[in-house]
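Structure file structure-v6.csv (CSV, N, CA and C atoms) follows.
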```csv
chain,number,residue,atom,x,y,z
A,4,ASP,N,-12.9,-7.0,27.5
A,4,ASP,CA,-12.3,-7.0,28.9
A,4,ASP,C,-12.3,-8.3,29.5
A,5,GLU,N,-13.3,-9.2,29.2
A,5,GLU,CA,-13.4,-10.5,29.9
A,5,GLU,C,-12.2,-11.4,29.5
A,6,HIS,N,-11.5,-11.2,28.4
A,6,HIS,CA,-10.4,-12.0,28.0
A,6,HIS,C,-9.1,-11.3,28.0
A,7,ARG,N,-9.0,-10.2,28.7
A,7,ARG,CA,-7.8,-9.3,28.7
A,7,ARG,C,-6.5,-10.1,28.9
A,8,GLU,N,-6.5,-11.1,29.8
A,8,GLU,CA,-5.3,-11.8,30.1
A,8,GLU,C,-4.8,-12.7,29.0
A,9,GLU,N,-5.6,-12.9,28.0
A,9,GLU,CA,-5.2,-13.7,26.8
A,9,GLU,C,-4.5,-12.9,25.8
A,10,PHE,N,-4.4,-11.6,25.9
A,10,PHE,CA,-3.8,-10.8,24.9
A,10,PHE,C,-2.7,-9.9,25.5
A,11,SER,N,-1.7,-9.6,24.7
A,11,SER,CA,-0.7,-8.7,25.1
A,11,SER,C,-0.9,-7.4,24.5
A,12,THR,N,-0.3,-6.3,25.1
A,12,THR,CA,-0.4,-5.0,24.5
A,12,THR,C,1.1,-4.5,24.5
A,13,VAL,N,1.3,-3.7,23.5
A,13,VAL,CA,2.7,-3.1,23.3
A,13,VAL,C,2.5,-1.6,23.0
A,14,SER,N,3.3,-0.8,23.6
A,14,SER,CA,3.3,0.6,23.3
A,14,SER,C,4.6,0.9,22.5
A,15,ILE,N,4.5,1.6,21.4
A,15,ILE,CA,5.6,1.9,20.6
A,15,ILE,C,5.9,3.4,20.8
A,16,THR,N,7.1,3.8,21.0
A,16,THR,CA,7.5,5.2,21.2
A,16,THR,C,8.4,5.6,20.0
A,17,ASP,N,8.2,6.8,19.6
A,17,ASP,CA,9.0,7.3,18.4
A,17,ASP,C,9.2,8.8,18.7
A,18,GLU,N,10.0,9.4,17.9
A,18,GLU,CA,10.2,10.9,18.0
A,18,GLU,C,9.0,11.7,17.7
A,19,ILE,N,8.1,11.2,16.9
A,19,ILE,CA,6.9,11.9,16.5
A,19,ILE,C,5.7,11.2,17.2
A,20,ASP,N,4.8,12.1,17.8
A,20,ASP,CA,3.7,11.6,18.5
A,20,ASP,C,2.6,11.1,17.5
A,21,ARG,N,2.4,9.8,17.4
A,21,ARG,CA,1.3,9.3,16.6
A,21,ARG,C,0.2,8.6,17.4
A,22,SER,N,0.1,9.0,18.6
A,22,SER,CA,-0.9,8.4,19.5
A,22,SER,C,-2.3,8.5,19.0
A,23,TRP,N,-2.6,9.4,18.0
A,23,TRP,CA,-3.9,9.6,17.5
A,23,TRP,C,-4.2,8.4,16.5
A,24,MET,N,-3.2,7.7,16.1
A,24,MET,CA,-3.4,6.5,15.2
A,24,MET,C,-3.9,5.4,16.0
A,25,ARG,N,-4.9,4.7,15.4
A,25,ARG,CA,-5.5,3.5,16.1
A,25,ARG,C,-5.0,2.2,15.5
A,26,TRP,N,-4.1,1.6,16.2
A,26,TRP,CA,-3.5,0.3,15.7
A,26,TRP,C,-3.8,-0.7,16.7
A,27,THR,N,-5.1,-1.1,16.8
A,27,THR,CA,-5.5,-2.1,17.8
A,27,THR,C,-6.8,-2.7,17.2
A,28,VAL,N,-7.1,-3.9,17.7
A,28,VAL,CA,-8.4,-4.5,17.2
A,28,VAL,C,-9.3,-4.7,18.4
A,29,ASP,N,-10.1,-3.7,18.7
A,29,ASP,CA,-11.1,-3.8,19.7
A,29,ASP,C,-12.5,-3.8,19.1
A,30,PHE,N,-12.7,-3.3,17.9
A,30,PHE,CA,-14.0,-3.2,17.3
A,30,PHE,C,-13.9,-3.6,15.9
A,31,GLU,N,-15.1,-3.8,15.3
A,31,GLU,CA,-15.2,-4.3,13.9
A,31,GLU,C,-14.5,-3.3,12.9
A,32,GLU,N,-14.5,-2.0,13.2
A,32,GLU,CA,-13.8,-1.1,12.3
A,32,GLU,C,-12.3,-1.3,12.4
A,33,ASP,N,-11.8,-1.6,13.5
A,33,ASP,CA,-10.4,-1.9,13.7
A,33,ASP,C,-10.0,-3.1,12.9
A,34,LEU,N,-10.8,-4.1,12.9
A,34,LEU,CA,-10.5,-5.3,12.1
A,34,LEU,C,-10.5,-5.0,10.6
A,35,THR,N,-11.5,-4.2,10.2
A,35,THR,CA,-11.5,-3.8,8.8
A,35,THR,C,-10.3,-3.0,8.4
A,36,PHE,N,-9.8,-2.1,9.3
A,36,PHE,CA,-8.6,-1.4,9.1
A,36,PHE,C,-7.4,-2.3,8.9
A,37,VAL,N,-7.2,-3.3,9.8
A,37,VAL,CA,-6.1,-4.2,9.7
A,37,VAL,C,-6.2,-5.0,8.4
A,38,ARG,N,-7.3,-5.5,8.1
A,38,ARG,CA,-7.5,-6.3,6.9
A,38,ARG,C,-7.1,-5.4,5.6
A,39,GLU,N,-7.5,-4.2,5.6
A,39,GLU,CA,-7.1,-3.3,4.5
A,39,GLU,C,-5.6,-3.1,4.4
A,40,VAL,N,-5.0,-2.8,5.6
A,40,VAL,CA,-3.6,-2.7,5.6
A,40,VAL,C,-2.9,-3.9,5.1
A,41,CYS,N,-3.3,-5.1,5.5
A,41,CYS,CA,-2.7,-6.3,5.0
A,41,CYS,C,-2.9,-6.5,3.5
A,42,ARG,N,-4.1,-6.1,3.0
A,42,ARG,CA,-4.4,-6.2,1.6
A,42,ARG,C,-3.5,-5.3,0.8
A,43,PHE,N,-3.3,-4.1,1.3
A,43,PHE,CA,-2.4,-3.2,0.5
A,43,PHE,C,-0.9,-3.6,0.6
A,44,LEU,N,-0.5,-4.1,1.7
A,44,LEU,CA,0.9,-4.5,1.9
A,44,LEU,C,1.2,-5.8,1.1
A,45,GLU,N,0.2,-6.6,0.9
A,45,GLU,CA,0.4,-7.9,0.1
A,45,GLU,C,1.4,-8.8,0.6
A,46,THR,N,1.6,-8.8,1.9
A,46,THR,CA,2.6,-9.8,2.5
A,46,THR,C,2.2,-10.0,4.0
A,47,GLN,N,2.6,-11.1,4.6
A,47,GLN,CA,2.3,-11.3,6.0
A,47,GLN,C,3.4,-10.9,6.9
A,48,GLU,N,4.5,-10.5,6.3
A,48,GLU,CA,5.6,-10.0,7.1
A,48,GLU,C,5.9,-8.6,6.8
A,49,PHE,N,5.7,-7.7,7.8
A,49,PHE,CA,5.9,-6.3,7.7
A,49,PHE,C,6.2,-5.7,9.0
A,50,THR,N,6.8,-4.5,9.0
A,50,THR,CA,7.1,-3.8,10.3
A,50,THR,C,6.1,-2.7,10.5
A,51,TRP,N,6.1,-2.1,11.7
A,51,TRP,CA,5.3,-1.0,11.9
A,51,TRP,C,5.7,0.2,11.0
A,52,ARG,N,6.9,0.3,10.7
A,52,ARG,CA,7.4,1.4,9.8
A,52,ARG,C,6.8,1.2,8.4
A,53,ASP,N,6.7,-0.1,7.9
A,53,ASP,CA,6.0,-0.4,6.7
A,53,ASP,C,4.6,0.1,6.7
A,54,VAL,N,3.9,-0.1,7.8
A,54,VAL,CA,2.5,0.4,7.9
A,54,VAL,C,2.5,1.9,7.9
A,55,LEU,N,3.4,2.6,8.5
A,55,LEU,CA,3.5,4.1,8.5
A,55,LEU,C,3.7,4.6,7.0
A,56,THR,N,4.6,3.9,6.3
A,56,THR,CA,4.8,4.3,4.9
A,56,THR,C,3.6,4.1,4.1
A,57,LEU,N,2.9,3.0,4.3
A,57,LEU,CA,1.6,2.8,3.6
A,57,LEU,C,0.6,3.9,3.9
A,58,LEU,N,0.5,4.2,5.2
A,58,LEU,CA,-0.5,5.3,5.6
A,58,LEU,C,-0.1,6.6,5.1
A,59,GLU,N,1.1,6.9,4.9
A,59,GLU,CA,1.5,8.2,4.3
A,59,GLU,C,1.1,8.2,2.8
A,60,ARG,N,1.1,7.1,2.2
A,60,ARG,CA,0.7,7.0,0.7
A,60,ARG,C,-0.8,6.8,0.6
A,61,GLN,N,-1.4,6.2,1.6
A,61,GLN,CA,-2.9,5.9,1.5
A,61,GLN,C,-3.6,6.4,2.8
A,62,PRO,N,-3.6,7.7,3.0
A,62,PRO,CA,-4.1,8.2,4.3
A,62,PRO,C,-5.6,8.0,4.5
A,63,GLU,N,-6.3,7.7,3.4
A,63,GLU,CA,-7.7,7.4,3.5
A,63,GLU,C,-8.0,6.1,4.4
A,64,LEU,N,-7.0,5.3,4.5
A,64,LEU,CA,-7.2,4.1,5.3
A,64,LEU,C,-7.4,4.5,6.8
A,65,LEU,N,-6.9,5.6,7.2
A,65,LEU,CA,-7.0,6.0,8.6
A,65,LEU,C,-8.5,6.4,8.9
A,66,ARG,N,-9.3,6.6,7.9
A,66,ARG,CA,-10.7,7.0,8.1
A,66,ARG,C,-11.5,5.8,8.5
A,67,ILE,N,-11.0,4.6,8.2
A,67,ILE,CA,-11.8,3.4,8.5
A,67,ILE,C,-12.2,3.3,9.9
A,68,ASN,N,-11.3,3.6,10.9
A,68,ASN,CA,-11.7,3.4,12.3
A,68,ASN,C,-11.5,4.7,13.1
A,69,GLU,N,-11.5,5.9,12.4
A,69,GLU,CA,-11.2,7.1,13.1
A,69,GLU,C,-12.3,7.5,14.1
A,70,MET,N,-13.5,7.0,14.0
A,70,MET,CA,-14.6,7.3,14.9
A,70,MET,C,-14.6,6.5,16.2
A,71,VAL,N,-13.8,5.5,16.2
A,71,VAL,CA,-13.7,4.7,17.4
A,71,VAL,C,-12.9,5.4,18.5
A,72,ARG,N,-13.3,5.4,19.7
A,72,ARG,CA,-12.6,6.1,20.8
A,72,ARG,C,-11.5,5.2,21.2
A,73,GLN,N,-10.3,5.7,21.3
A,73,GLN,CA,-9.1,5.0,21.7
A,73,GLN,C,-9.1,4.8,23.2
A,74,LYS,N,-8.9,3.6,23.7
A,74,LYS,CA,-8.8,3.3,25.1
A,74,LYS,C,-7.5,3.9,25.7
A,75,SER,N,-7.6,4.5,26.8
A,75,SER,CA,-6.4,5.0,27.5
A,75,SER,C,-5.7,3.9,28.3
A,76,ALA,N,-4.5,4.2,28.7
A,76,ALA,CA,-3.8,3.2,29.5
A,76,ALA,C,-4.6,2.9,30.8
A,77,HIS,N,-5.3,3.8,31.3
A,77,HIS,CA,-6.2,3.7,32.5
A,77,HIS,C,-7.3,2.6,32.2
A,78,ASP,N,-7.8,2.6,31.0
A,78,ASP,CA,-8.9,1.7,30.6
A,78,ASP,C,-8.4,0.3,30.5
A,79,LEU,N,-7.1,0.1,30.3
A,79,LEU,CA,-6.6,-1.3,30.2
A,79,LEU,C,-6.3,-1.8,31.5
```
Please lay out the structure from this file as structure tokens.
Amino acid sequence: DEHREEFSTVSITDEIDRSWMRWTVDFEEDLTFVREVCRFLETQEFTWRDVLTLLERQPELLRINEMVRQKSAHDL
């Protein structure tokens, strides 16, 4: 929270509610998740839809940070 102004946030909307997915880096588990996604994708350029496709094929990746409580918009 002390460096909140240094970072931007983006909300993505889609026809399907995926708000239960945690695509943020607030905790160590989140960073581990992002690193694993990057490792599986094997490229530095990808879209959020590429990540969705990966998670459909490798749903176990979602377990990496599933225990972390998602901040609400009110928390931001």
So how many Å separate atom C of Arg38 (chain A) and atom C of Glu59 (chain A), to one decimal?
16.1 Å
Per-residue DSSP, chain A, filtered to alpha helix (DSSP H), as a PyMOL selection string:
chain A and resi 31-44+51-60
Could you name the residues that touch region 21-27 of chain A at 8 Å or less, counting only C-alpha atoms, but leaving out those on the same chain fewer than 3 positions away, as a short mmCIF file (atom, residue, chain, number, x, y, z; two decimals) with N, CA and C atoms, in the coordinates of the input?
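Contents of the output file around_9.cif:
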```cif
data_model
loop_
_atom_site.label_atom_id
_atom_site.label_comp_id
_atom_site.auth_asym_id
_atom_site.auth_seq_id
_atom_site.Cartn_x
_atom_site.Cartn_y
_atom_site.Cartn_z
N ASP A 33 -11.80 -1.60 13.50
CA ASP A 33 -10.40 -1.90 13.70
C ASP A 33 -10.00 -3.10 12.90
N VAL A 37 -7.20 -3.30 9.80
CA VAL A 37 -6.10 -4.20 9.70
C VAL A 37 -6.20 -5.00 8.40
N LEU A 65 -6.90 5.60 7.20
CA LEU A 65 -7.00 6.00 8.60
C LEU A 65 -8.50 6.40 8.90
N ASN A 68 -11.30 3.60 10.90
CA ASN A 68 -11.70 3.40 12.30
C ASN A 68 -11.50 4.70 13.10
N GLU A 69 -11.50 5.90 12.40
CA GLU A 69 -11.20 7.10 13.10
C GLU A 69 -12.30 7.50 14.10
N GLN A 73 -10.30 5.70 21.30
CA GLN A 73 -9.10 5.00 21.70
C GLN A 73 -9.10 4.80 23.20
#
```
Out of A:Val28, A:Leu34, A:Val40, A:Ile19, which residue has the shortest atom-to-atom distance to Glu63 (chain A) when counting only C-alpha atoms?
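Of A:Val28, A:Leu34, A:Val40, A:Ile19, the one nearest Glu63 (chain A), counting only C-alpha atoms, is A:Val40.
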Would you mind telling me which residue in A:Met70, A:Val54, A:Asp20, A:Thr12 lies nearest to Glu39 (chain A) when using only C-alpha atoms?
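Of A:Met70, A:Val54, A:Asp20, A:Thr12, the one nearest Glu39 (chain A), counting only C-alpha atoms, is A:Val54.
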Atom N of Phe10 (chain A) and CA of Leu58 (chain A) are how many Å apart?
26.7 Å
Could you tell me how far atom C of Gln47 (chain A) sits from atom N of Leu64 (chain A), in Å to one decimal place?
19.4 Å
